[in-house]
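A.B. asks: Contents are TSV, C-alpha atoms; file name query18.tsv:
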```tsv
chain	number	residue	atom	x	y	z
A	1	MET	CA	0.00	0.00	0.00
A	2	ARG	CA	1.36	3.41	-0.97
A	3	ASP	CA	2.21	5.73	1.89
A	4	ASP	CA	0.03	8.57	0.60
A	5	ILE	CA	-3.05	6.32	0.28
A	6	ARG	CA	-2.50	4.91	3.74
A	7	ASP	CA	-2.04	8.33	5.31
A	8	ARG	CA	-4.94	10.00	3.49
A	9	PHE	CA	-7.54	7.25	3.29
A	10	PHE	CA	-6.80	4.05	5.18
A	11	THR	CA	-5.57	5.41	8.54
A	12	PRO	CA	-8.14	8.20	9.09
A	13	PHE	CA	-11.22	6.41	7.66
A	14	VAL	CA	-10.97	2.68	6.96
A	15	LEU	CA	-9.08	1.71	10.10
A	16	PRO	CA	-11.39	3.46	12.63
A	17	VAL	CA	-14.55	2.18	10.89
A	18	THR	CA	-13.16	-1.36	10.85
A	19	VAL	CA	-12.22	-1.22	14.53
A	20	ILE	CA	-15.65	0.14	15.51
A	21	GLY	CA	-17.39	-2.51	13.41
A	22	VAL	CA	-15.38	-5.31	14.99
A	23	MET	CA	-16.11	-3.97	18.47
A	24	LEU	CA	-19.86	-3.77	17.72
A	25	LEU	CA	-19.88	-7.29	16.28
A	26	PHE	CA	-18.02	-8.56	19.33
A	27	GLY	CA	-20.41	-6.84	21.74
A	28	ILE	CA	-23.61	-7.96	19.95
A	29	SER	CA	-22.44	-11.57	19.68
A	30	LEU	CA	-21.41	-11.68	23.32
A	31	ALA	CA	-24.71	-10.10	24.42
A	32	ARG	CA	-26.67	-12.68	22.40
A	33	ILE	CA	-24.82	-15.51	24.11
A	34	LEU	CA	-25.23	-14.06	27.61
A	35	LEU	CA	-28.97	-13.53	27.10
A	36	ALA	CA	-29.54	-17.06	25.79
A	37	VAL	CA	-27.97	-18.98	28.68
A	38	SER	CA	-28.82	-19.10	32.37
A	39	GLU	CA	-27.65	-16.41	34.77
A	40	ILE	CA	-24.87	-18.63	36.14
A	41	GLY	CA	-23.77	-19.55	32.62
A	42	ALA	CA	-23.78	-15.89	31.63
A	43	ALA	CA	-21.52	-15.00	34.56
A	44	LEU	CA	-19.09	-17.82	33.69
A	45	LEU	CA	-18.98	-16.84	30.02
A	46	ALA	CA	-18.36	-13.21	30.93
A	47	LEU	CA	-15.41	-14.27	33.10
A	48	LEU	CA	-14.04	-16.44	30.30
A	49	ALA	CA	-14.31	-13.58	27.79
A	50	ALA	CA	-12.54	-11.21	30.19
A	51	GLY	CA	-9.84	-13.84	30.80
A	52	TYR	CA	-9.33	-14.30	27.06
A	53	ILE	CA	-8.91	-10.55	26.53
A	54	MET	CA	-6.45	-10.28	29.42
A	55	ALA	CA	-4.49	-13.31	28.20
A	56	MET	CA	-4.21	-11.80	24.70
A	57	ALA	CA	-3.07	-8.47	26.14
A	58	PHE	CA	-0.46	-10.21	28.32
A	59	PHE	CA	0.77	-12.27	25.36
A	60	VAL	CA	1.14	-9.18	23.16
A	61	GLU	CA	2.92	-7.28	25.93
A	62	ALA	CA	5.33	-10.15	26.63
A	63	ARG	CA	6.21	-10.67	22.97
A	64	ARG	CA	6.43	-7.31	21.30
A	65	ARG	CA	7.74	-8.74	18.04
A	66	ILE	CA	4.68	-10.79	17.13
A	67	PRO	CA	4.21	-10.87	13.34
A	68	PRO	CA	1.11	-8.89	12.36
A	69	ARG	CA	-0.22	-11.85	10.37
A	70	THR	CA	-0.04	-14.16	13.42
A	71	LEU	CA	-1.80	-11.63	15.62
A	72	GLY	CA	-4.46	-11.05	12.97
A	73	VAL	CA	-5.13	-14.78	12.59
A	74	ALA	CA	-5.47	-15.21	16.37
A	75	LEU	CA	-7.91	-12.31	16.66
A	76	ALA	CA	-9.87	-13.44	13.59
A	77	LEU	CA	-10.28	-16.98	14.95
A	78	GLY	CA	-11.51	-15.66	18.28
A	79	LEU	CA	-13.97	-13.30	16.58
A	80	ILE	CA	-15.27	-16.00	14.22
A	81	GLY	CA	-15.83	-18.38	17.13
A	82	LEU	CA	-17.68	-15.70	19.09
A	83	VAL	CA	-19.85	-14.69	16.13
A	84	GLY	CA	-20.71	-18.35	15.44
A	85	ALA	CA	-21.70	-18.90	19.07
A	86	GLY	CA	-23.77	-15.71	18.94
A	87	ALA	CA	-25.61	-16.95	15.85
A	88	VAL	CA	-26.44	-20.25	17.56
A	89	ALA	CA	-27.62	-18.40	20.67
A	90	SER	CA	-29.77	-16.11	18.53
A	91	ALA	CA	-31.43	-19.12	16.91
A	92	ALA	CA	-32.09	-20.67	20.34
A	93	GLY	CA	-33.86	-17.53	21.55
A	94	ILE	CA	-33.49	-15.13	24.46
A	95	ARG	CA	-34.42	-16.22	27.94
A	96	GLU	CA	-37.23	-14.35	29.71
A	97	VAL	CA	-35.18	-12.05	31.94
A	98	GLU	CA	-38.16	-10.24	33.51
A	99	HIS	CA	-40.01	-13.46	34.24
A	100	ALA	CA	-36.92	-14.97	35.85
A	101	GLU	CA	-36.65	-11.96	38.15
A	102	GLU	CA	-40.34	-12.19	39.10
A	103	GLY	CA	-40.07	-15.92	39.63
A	104	ALA	CA	-37.24	-15.43	42.11
A	105	GLY	CA	-39.71	-13.99	44.60
A	106	GLY	CA	-42.26	-16.80	44.44
A	107	GLY	CA	-44.10	-19.31	42.32
A	108	GLY	CA	-44.93	-22.96	42.59
A	109	GLU	CA	-43.17	-26.09	41.45
A	110	GLY	CA	-42.22	-26.11	37.80
A	111	GLY	CA	-42.61	-22.31	37.53
A	112	GLU	CA	-46.35	-21.96	38.07
A	113	GLY	CA	-46.47	-18.31	39.02
A	114	GLY	CA	-50.02	-17.22	38.24
A	115	GLY	CA	-53.56	-18.21	37.38
A	116	ASN	CA	-55.89	-20.58	39.18
A	117	PRO	CA	-54.00	-23.72	40.34
A	118	ASN	CA	-57.08	-25.80	39.47
A	119	GLU	CA	-57.45	-24.45	35.93
A	120	PRO	CA	-56.47	-26.93	33.16
A	121	ARG	CA	-54.31	-24.35	31.41
A	122	PHE	CA	-50.58	-24.17	30.67
A	123	VAL	CA	-48.79	-20.91	29.82
A	124	ALA	CA	-45.17	-21.15	28.67
A	125	VAL	CA	-42.47	-18.48	28.44
A	126	ASP	CA	-38.73	-18.71	27.68
A	127	ILE	CA	-37.94	-20.94	29.43
A	128	ASP	CA	-40.48	-21.70	32.15
A	129	TYR	CA	-44.14	-22.44	32.78
A	130	ALA	CA	-45.70	-19.15	33.86
A	131	GLN	CA	-48.92	-21.01	34.66
A	132	ALA	CA	-49.72	-24.69	35.14
A	133	PRO	CA	-52.41	-26.68	36.97
A	134	GLU	CA	-51.60	-28.23	40.34
A	135	ALA	CA	-54.70	-30.37	41.05
A	136	LEU	CA	-57.56	-31.54	38.83
A	137	PRO	CA	-60.36	-34.13	39.03
A	138	PRO	CA	-60.01	-37.50	37.22
A	139	GLY	CA	-61.66	-38.13	33.87
A	140	ASP	CA	-61.48	-36.42	30.50
A	141	ILE	CA	-59.83	-33.03	30.97
A	142	ASP	CA	-59.88	-30.27	28.35
A	143	PHE	CA	-56.45	-28.57	28.41
A	144	THR	CA	-55.45	-25.28	26.78
A	145	PHE	CA	-51.89	-24.18	26.07
A	146	ALA	CA	-50.56	-20.68	25.33
A	147	ASN	CA	-46.92	-20.22	24.35
A	148	GLU	CA	-46.04	-16.63	25.18
A	149	GLY	CA	-42.34	-17.21	24.51
A	150	SER	CA	-40.39	-16.72	21.28
A	151	ILE	CA	-39.39	-20.37	20.78
A	152	GLU	CA	-41.25	-23.68	20.66
A	153	HIS	CA	-42.51	-25.29	23.89
A	154	ASN	CA	-44.66	-28.31	24.70
A	155	VAL	CA	-46.18	-30.35	27.54
A	156	VAL	CA	-45.30	-34.03	27.95
A	157	ILE	CA	-46.73	-36.37	30.62
A	158	GLU	CA	-44.12	-38.81	31.88
A	159	GLU	CA	-46.53	-41.34	33.46
A	160	LEU	CA	-48.49	-41.61	30.20
A	161	GLY	CA	-45.48	-43.03	28.39
A	162	ASP	CA	-43.93	-39.59	27.79
A	163	GLU	CA	-46.97	-38.65	25.74
A	164	LEU	CA	-46.86	-35.20	24.15
A	165	ILE	CA	-50.27	-33.68	24.83
A	166	LEU	CA	-49.72	-30.00	23.98
A	167	GLU	CA	-47.33	-28.23	21.62
A	168	ALA	CA	-47.07	-24.76	20.11
A	169	PRO	CA	-44.48	-22.53	18.42
A	170	GLY	CA	-43.56	-19.15	19.85
A	171	GLY	CA	-46.72	-17.09	20.20
A	172	GLY	CA	-48.95	-20.06	19.34
A	173	THR	CA	-51.70	-21.94	21.16
A	174	ASP	CA	-52.94	-25.51	21.39
A	175	GLU	CA	-55.67	-27.54	23.10
A	176	ALA	CA	-56.32	-31.20	23.79
A	177	THR	CA	-58.56	-33.53	25.78
A	178	VAL	CA	-56.71	-36.14	27.86
A	179	ALA	CA	-58.09	-38.86	30.14
A	180	PHE	CA	-56.50	-39.06	33.60
A	181	ASP	CA	-56.92	-41.55	36.43
A	182	ALA	CA	-56.31	-40.55	40.04
A	183	GLY	CA	-52.62	-40.21	40.89
A	184	GLU	CA	-49.62	-37.90	40.51
A	185	TYR	CA	-48.24	-37.04	37.10
A	186	THR	CA	-45.00	-35.34	36.07
A	187	TYR	CA	-45.25	-32.87	33.18
A	188	TYR	CA	-42.30	-31.28	31.39
A	189	CYS	CA	-41.14	-29.62	28.17
A	190	SER	CA	-39.26	-32.08	25.96
A	191	ILE	CA	-37.41	-29.46	23.90
A	192	PRO	CA	-33.66	-30.15	24.47
A	193	GLY	CA	-32.38	-28.18	27.46
A	194	HIS	CA	-35.81	-27.01	28.64
A	195	ARG	CA	-36.77	-29.66	31.20
A	196	ALA	CA	-34.37	-28.29	33.83
A	197	THR	CA	-36.65	-25.27	34.33
A	198	MET	CA	-39.89	-26.55	32.79
A	199	GLU	CA	-41.07	-29.43	34.96
A	200	GLY	CA	-43.76	-29.86	37.59
A	201	THR	CA	-46.26	-32.22	39.23
A	202	LEU	CA	-49.99	-32.49	38.53
A	203	THR	CA	-52.18	-34.21	41.13
A	204	ILE	CA	-55.35	-35.94	39.94
A	205	GLU	CA	-57.75	-36.74	42.77
A	206	GLU	CA	-61.43	-37.02	43.56
A	207	GLY	CA	-63.21	-34.04	45.07
A	208	VAL	CA	-61.09	-31.38	43.38
A	209	GLN	CA	-63.11	-28.45	42.10
A	210	ALA	CA	-61.72	-27.44	38.72
A	211	ALA	CA	-61.73	-23.76	37.85
A	212	ASP	CA	-64.02	-24.34	34.87
A	213	GLY	CA	-66.47	-26.41	36.92
A	214	GLU	CA	-65.49	-29.84	35.55
A	215	ALA	CA	-65.43	-31.47	38.98
A	216	GLY	CA	-68.40	-31.18	41.20
A	217	GLY	CA	-70.80	-31.14	38.24
A	218	ALA	CA	-72.15	-34.58	39.03
A	219	ALA	CA	-72.42	-33.63	42.69
A	220	SER	CA	-74.38	-30.51	41.78
A	221	GLU	CA	-76.71	-32.55	39.60
A	222	GLY	CA	-77.13	-35.08	42.39
A	223	ALA	CA	-77.88	-32.30	44.85
A	224	SER	CA	-80.42	-30.82	42.46
A	225	GLU	CA	-82.09	-34.18	42.00
A	226	ALA	CA	-82.15	-34.75	45.77
A	227	THR	CA	-83.64	-31.30	46.26
A	228	GLY	CA	-86.26	-32.06	43.64
A	229	ASP	CA	-87.11	-35.38	45.29
A	230	ASP	CA	-87.40	-33.70	48.68
A	231	THR	CA	-89.64	-31.02	47.22
A	232	ALA	CA	-91.85	-33.62	45.53
A	233	SER	CA	-92.03	-35.61	48.75
A	234	GLU	CA	-92.98	-32.55	50.74
A	235	ALA	CA	-95.63	-31.63	48.16
A	236	GLY	CA	-97.02	-35.18	48.32
A	237	ASP	CA	-97.17	-35.06	52.09
A	238	ALA	CA	-98.94	-31.71	52.00
A	239	THR	CA	-101.48	-33.01	49.46
A	240	GLY	CA	-102.14	-36.12	51.57
A	241	SER	CA	-102.64	-34.06	54.70
A	242	SER	CA	-105.04	-31.72	52.89
A	243	ALA	CA	-107.08	-34.65	51.55
A	244	ALA	CA	-107.30	-36.21	55.03
A	245	ASP	CA	-108.48	-32.91	56.52
A	246	GLN	CA	-111.18	-32.54	53.87
A	247	SER	CA	-112.36	-36.13	54.52
A	248	GLU	CA	-112.64	-35.48	58.26
A	249	ASN	CA	-114.62	-32.27	57.67
A	250	ALA	CA	-116.99	-34.10	55.33
A	251	SER	CA	-117.64	-36.75	57.98
```
What does the file become when written as C-alpha coordinates?
C.D. replies:
Amino acid sequence: MRDDIRDRFFTPFVLPVTVIGVMLLFGISLARILLAVSEIGAALLALLAAGYIMAMAFFVEARRRIPPRTLGVALALGLIGLVGAGAVASAAGIREVEHAEEGAGGGGEGGEGGGNPNEPRFVAVDIDYAQAPEALPPGDIDFTFANEGSIEHNVVIEELGDELILEAPGGGTDEATVAFDAGEYTYYCSIPGHRATMEGTLTIEEGVQAADGEAGGAASEGASEATGDDTASEAGDATGSSAADQSENAS
(Lines of atoms letter the chains of each structure in order from A and count residues from 1; the text may use other names and numbers.)
(Lines give C-alpha, C1' and ligand atoms only; values in the text may rest on other atoms or scores of the structure.)
Protein backbone atom coordinates (compact mmCIF):
# COMPACT_ATOMS: atom_id res chain seq x y z
CA MET A 1 0.00 0.00 0.00
CA ARG A 2 1.36 3.41 -0.97
CA ASP A 3 2.21 5.73 1.89
CA ASP A 4 0.03 8.57 0.60
CA ILE A 5 -3.05 6.32 0.28
CA ARG A 6 -2.50 4.91 3.74
CA ASP A 7 -2.04 8.33 5.31
CA ARG A 8 -4.94 10.00 3.49
CA PHE A 9 -7.54 7.25 3.29
CA PHE A 10 -6.80 4.05 5.18
CA THR A 11 -5.57 5.41 8.54
CA PRO A 12 -8.14 8.20 9.09
CA PHE A 13 -11.22 6.41 7.66
CA VAL A 14 -10.97 2.68 6.96
CA LEU A 15 -9.08 1.71 10.10
CA PRO A 16 -11.39 3.46 12.63
CA VAL A 17 -14.55 2.18 10.89
CA THR A 18 -13.16 -1.36 10.85
CA VAL A 19 -12.22 -1.22 14.53
CA ILE A 20 -15.65 0.14 15.51
CA GLY A 21 -17.39 -2.51 13.41
CA VAL A 22 -15.38 -5.31 14.99
CA MET A 23 -16.11 -3.97 18.47
CA LEU A 24 -19.86 -3.77 17.72
CA LEU A 25 -19.88 -7.29 16.28
CA PHE A 26 -18.02 -8.56 19.33
CA GLY A 27 -20.41 -6.84 21.74
CA ILE A 28 -23.61 -7.96 19.95
CA SER A 29 -22.44 -11.57 19.68
CA LEU A 30 -21.41 -11.68 23.32
CA ALA A 31 -24.71 -10.10 24.42
CA ARG A 32 -26.67 -12.68 22.40
CA ILE A 33 -24.82 -15.51 24.11
CA LEU A 34 -25.23 -14.06 27.61
CA LEU A 35 -28.97 -13.53 27.10
CA ALA A 36 -29.54 -17.06 25.79
CA VAL A 37 -27.97 -18.98 28.68
CA SER A 38 -28.82 -19.10 32.37
CA GLU A 39 -27.65 -16.41 34.77
CA ILE A 40 -24.87 -18.63 36.14
CA GLY A 41 -23.77 -19.55 32.62
CA ALA A 42 -23.78 -15.89 31.63
CA ALA A 43 -21.52 -15.00 34.56
CA LEU A 44 -19.09 -17.82 33.69
CA LEU A 45 -18.98 -16.84 30.02
CA ALA A 46 -18.36 -13.21 30.93
CA LEU A 47 -15.41 -14.27 33.10
CA LEU A 48 -14.04 -16.44 30.30
CA ALA A 49 -14.31 -13.58 27.79
CA ALA A 50 -12.54 -11.21 30.19
CA GLY A 51 -9.84 -13.84 30.80
CA TYR A 52 -9.33 -14.30 27.06
CA ILE A 53 -8.91 -10.55 26.53
CA MET A 54 -6.45 -10.28 29.42
CA ALA A 55 -4.49 -13.31 28.20
CA MET A 56 -4.21 -11.80 24.70
CA ALA A 57 -3.07 -8.47 26.14
CA PHE A 58 -0.46 -10.21 28.32
CA PHE A 59 0.77 -12.27 25.36
CA VAL A 60 1.14 -9.18 23.16
CA GLU A 61 2.92 -7.28 25.93
CA ALA A 62 5.33 -10.15 26.63
CA ARG A 63 6.21 -10.67 22.97
CA ARG A 64 6.43 -7.31 21.30
CA ARG A 65 7.74 -8.74 18.04
CA ILE A 66 4.68 -10.79 17.13
CA PRO A 67 4.21 -10.87 13.34
CA PRO A 68 1.11 -8.89 12.36
CA ARG A 69 -0.22 -11.85 10.37
CA THR A 70 -0.04 -14.16 13.42
CA LEU A 71 -1.80 -11.63 15.62
CA GLY A 72 -4.46 -11.05 12.97
CA VAL A 73 -5.13 -14.78 12.59
CA ALA A 74 -5.47 -15.21 16.37
CA LEU A 75 -7.91 -12.31 16.66
CA ALA A 76 -9.87 -13.44 13.59
CA LEU A 77 -10.28 -16.98 14.95
CA GLY A 78 -11.51 -15.66 18.28
CA LEU A 79 -13.97 -13.30 16.58
CA ILE A 80 -15.27 -16.00 14.22
CA GLY A 81 -15.83 -18.38 17.13
CA LEU A 82 -17.68 -15.70 19.09
CA VAL A 83 -19.85 -14.69 16.13
CA GLY A 84 -20.71 -18.35 15.44
CA ALA A 85 -21.70 -18.90 19.07
CA GLY A 86 -23.77 -15.71 18.94
CA ALA A 87 -25.61 -16.95 15.85
CA VAL A 88 -26.44 -20.25 17.56
CA ALA A 89 -27.62 -18.40 20.67
CA SER A 90 -29.77 -16.11 18.53
CA ALA A 91 -31.43 -19.12 16.91
CA ALA A 92 -32.09 -20.67 20.34
CA GLY A 93 -33.86 -17.53 21.55
CA ILE A 94 -33.49 -15.13 24.46
CA ARG A 95 -34.42 -16.22 27.94
CA GLU A 96 -37.23 -14.35 29.71
CA VAL A 97 -35.18 -12.05 31.94
CA GLU A 98 -38.16 -10.24 33.51
CA HIS A 99 -40.01 -13.46 34.24
CA ALA A 100 -36.92 -14.97 35.85
CA GLU A 101 -36.65 -11.96 38.15
CA GLU A 102 -40.34 -12.19 39.10
CA GLY A 103 -40.07 -15.92 39.63
CA ALA A 104 -37.24 -15.43 42.11
CA GLY A 105 -39.71 -13.99 44.60
CA GLY A 106 -42.26 -16.80 44.44
CA GLY A 107 -44.10 -19.31 42.32
CA GLY A 108 -44.93 -22.96 42.59
CA GLU A 109 -43.17 -26.09 41.45
CA GLY A 110 -42.22 -26.11 37.80
CA GLY A 111 -42.61 -22.31 37.53
CA GLU A 112 -46.35 -21.96 38.07
CA GLY A 113 -46.47 -18.31 39.02
CA GLY A 114 -50.02 -17.22 38.24
CA GLY A 115 -53.56 -18.21 37.38
CA ASN A 116 -55.89 -20.58 39.18
CA PRO A 117 -54.00 -23.72 40.34
CA ASN A 118 -57.08 -25.80 39.47
CA GLU A 119 -57.45 -24.45 35.93
CA PRO A 120 -56.47 -26.93 33.16
CA ARG A 121 -54.31 -24.35 31.41
CA PHE A 122 -50.58 -24.17 30.67
CA VAL A 123 -48.79 -20.91 29.82
CA ALA A 124 -45.17 -21.15 28.67
CA VAL A 125 -42.47 -18.48 28.44
CA ASP A 126 -38.73 -18.71 27.68
CA ILE A 127 -37.94 -20.94 29.43
CA ASP A 128 -40.48 -21.70 32.15
CA TYR A 129 -44.14 -22.44 32.78
CA ALA A 130 -45.70 -19.15 33.86
CA GLN A 131 -48.92 -21.01 34.66
CA ALA A 132 -49.72 -24.69 35.14
CA PRO A 133 -52.41 -26.68 36.97
CA GLU A 134 -51.60 -28.23 40.34
CA ALA A 135 -54.70 -30.37 41.05
CA LEU A 136 -57.56 -31.54 38.83
CA PRO A 137 -60.36 -34.13 39.03
CA PRO A 138 -60.01 -37.50 37.22
CA GLY A 139 -61.66 -38.13 33.87
CA ASP A 140 -61.48 -36.42 30.50
CA ILE A 141 -59.83 -33.03 30.97
CA ASP A 142 -59.88 -30.27 28.35
CA PHE A 143 -56.45 -28.57 28.41
CA THR A 144 -55.45 -25.28 26.78
CA PHE A 145 -51.89 -24.18 26.07
CA ALA A 146 -50.56 -20.68 25.33
CA ASN A 147 -46.92 -20.22 24.35
CA GLU A 148 -46.04 -16.63 25.18
CA GLY A 149 -42.34 -17.21 24.51
CA SER A 150 -40.39 -16.72 21.28
CA ILE A 151 -39.39 -20.37 20.78
CA GLU A 152 -41.25 -23.68 20.66
CA HIS A 153 -42.51 -25.29 23.89
CA ASN A 154 -44.66 -28.31 24.70
CA VAL A 155 -46.18 -30.35 27.54
CA VAL A 156 -45.30 -34.03 27.95
CA ILE A 157 -46.73 -36.37 30.62
CA GLU A 158 -44.12 -38.81 31.88
CA GLU A 159 -46.53 -41.34 33.46
CA LEU A 160 -48.49 -41.61 30.20
CA GLY A 161 -45.48 -43.03 28.39
CA ASP A 162 -43.93 -39.59 27.79
CA GLU A 163 -46.97 -38.65 25.74
CA LEU A 164 -46.86 -35.20 24.15
CA ILE A 165 -50.27 -33.68 24.83
CA LEU A 166 -49.72 -30.00 23.98
CA GLU A 167 -47.33 -28.23 21.62
CA ALA A 168 -47.07 -24.76 20.11
CA PRO A 169 -44.48 -22.53 18.42
CA GLY A 170 -43.56 -19.15 19.85
CA GLY A 171 -46.72 -17.09 20.20
CA GLY A 172 -48.95 -20.06 19.34
CA THR A 173 -51.70 -21.94 21.16
CA ASP A 174 -52.94 -25.51 21.39
CA GLU A 175 -55.67 -27.54 23.10
CA ALA A 176 -56.32 -31.20 23.79
CA THR A 177 -58.56 -33.53 25.78
CA VAL A 178 -56.71 -36.14 27.86
CA ALA A 179 -58.09 -38.86 30.14
CA PHE A 180 -56.50 -39.06 33.60
CA ASP A 181 -56.92 -41.55 36.43
CA ALA A 182 -56.31 -40.55 40.04
CA GLY A 183 -52.62 -40.21 40.89
CA GLU A 184 -49.62 -37.90 40.51
CA TYR A 185 -48.24 -37.04 37.10
CA THR A 186 -45.00 -35.34 36.07
CA TYR A 187 -45.25 -32.87 33.18
CA TYR A 188 -42.30 -31.28 31.39
CA CYS A 189 -41.14 -29.62 28.17
CA SER A 190 -39.26 -32.08 25.96
CA ILE A 191 -37.41 -29.46 23.90
CA PRO A 192 -33.66 -30.15 24.47
CA GLY A 193 -32.38 -28.18 27.46
CA HIS A 194 -35.81 -27.01 28.64
CA ARG A 195 -36.77 -29.66 31.20
CA ALA A 196 -34.37 -28.29 33.83
CA THR A 197 -36.65 -25.27 34.33
CA MET A 198 -39.89 -26.55 32.79
CA GLU A 199 -41.07 -29.43 34.96
CA GLY A 200 -43.76 -29.86 37.59
CA THR A 201 -46.26 -32.22 39.23
CA LEU A 202 -49.99 -32.49 38.53
CA THR A 203 -52.18 -34.21 41.13
CA ILE A 204 -55.35 -35.94 39.94
CA GLU A 205 -57.75 -36.74 42.77
CA GLU A 206 -61.43 -37.02 43.56
CA GLY A 207 -63.21 -34.04 45.07
CA VAL A 208 -61.09 -31.38 43.38
CA GLN A 209 -63.11 -28.45 42.10
CA ALA A 210 -61.72 -27.44 38.72
CA ALA A 211 -61.73 -23.76 37.85
CA ASP A 212 -64.02 -24.34 34.87
CA GLY A 213 -66.47 -26.41 36.92
CA GLU A 214 -65.49 -29.84 35.55
CA ALA A 215 -65.43 -31.47 38.98
CA GLY A 216 -68.40 -31.18 41.20
CA GLY A 217 -70.80 -31.14 38.24
CA ALA A 218 -72.15 -34.58 39.03
CA ALA A 219 -72.42 -33.63 42.69
CA SER A 220 -74.38 -30.51 41.78
CA GLU A 221 -76.71 -32.55 39.60
CA GLY A 222 -77.13 -35.08 42.39
CA ALA A 223 -77.88 -32.30 44.85
CA SER A 224 -80.42 -30.82 42.46
CA GLU A 225 -82.09 -34.18 42.00
CA ALA A 226 -82.15 -34.75 45.77
CA THR A 227 -83.64 -31.30 46.26
CA GLY A 228 -86.26 -32.06 43.64
CA ASP A 229 -87.11 -35.38 45.29
CA ASP A 230 -87.40 -33.70 48.68
CA THR A 231 -89.64 -31.02 47.22
CA ALA A 232 -91.85 -33.62 45.53
CA SER A 233 -92.03 -35.61 48.75
CA GLU A 234 -92.98 -32.55 50.74
CA ALA A 235 -95.63 -31.63 48.16
CA GLY A 236 -97.02 -35.18 48.32
CA ASP A 237 -97.17 -35.06 52.09
CA ALA A 238 -98.94 -31.71 52.00
CA THR A 239 -101.48 -33.01 49.46
CA GLY A 240 -102.14 -36.12 51.57
CA SER A 241 -102.64 -34.06 54.70
CA SER A 242 -105.04 -31.72 52.89
CA ALA A 243 -107.08 -34.65 51.55
CA ALA A 244 -107.30 -36.21 55.03
CA ASP A 245 -108.48 -32.91 56.52
CA GLN A 246 -111.18 -32.54 53.87
CA SER A 247 -112.36 -36.13 54.52
CA GLU A 248 -112.64 -35.48 58.26
CA ASN A 249 -114.62 -32.27 57.67
CA ALA A 250 -116.99 -34.10 55.33
CA SER A 251 -117.64 -36.75 57.98
A.B. asks: Please measure the separation of CA of Ile157 in chain A and CA of Phe180 in chain A, giving the value in Å to one decimal.
C.D. replies: 10.6 Å
A.B. asks: What does the distance from CA of Gly27 in chain A to CA of Val73 in chain A come to in Å, to one decimal?
C.D. replies: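 Result for CA of Gly27 in chain A versus CA of Val73 in chain A: 19.5 Å, one decimal.
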A.B. asks: Rounded to one decimal in Å, what is the spacing between CA of Ser38 in chain A and CA of Asp126 in chain A?
C.D. replies: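 For CA of Ser38 in chain A relative to CA of Asp126 in chain A, the distance reads 11.0 Å.
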A.B. asks: Using all atoms listed in the file, can you tell me which of A:Thr197, A:Thr203, A:Thr173, A:Thr144 comes closest to Tyr185 in chain A?
C.D. replies: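 Using all atoms listed in the file, the shortest distance to Tyr185 in chain A belongs to A:Thr203.
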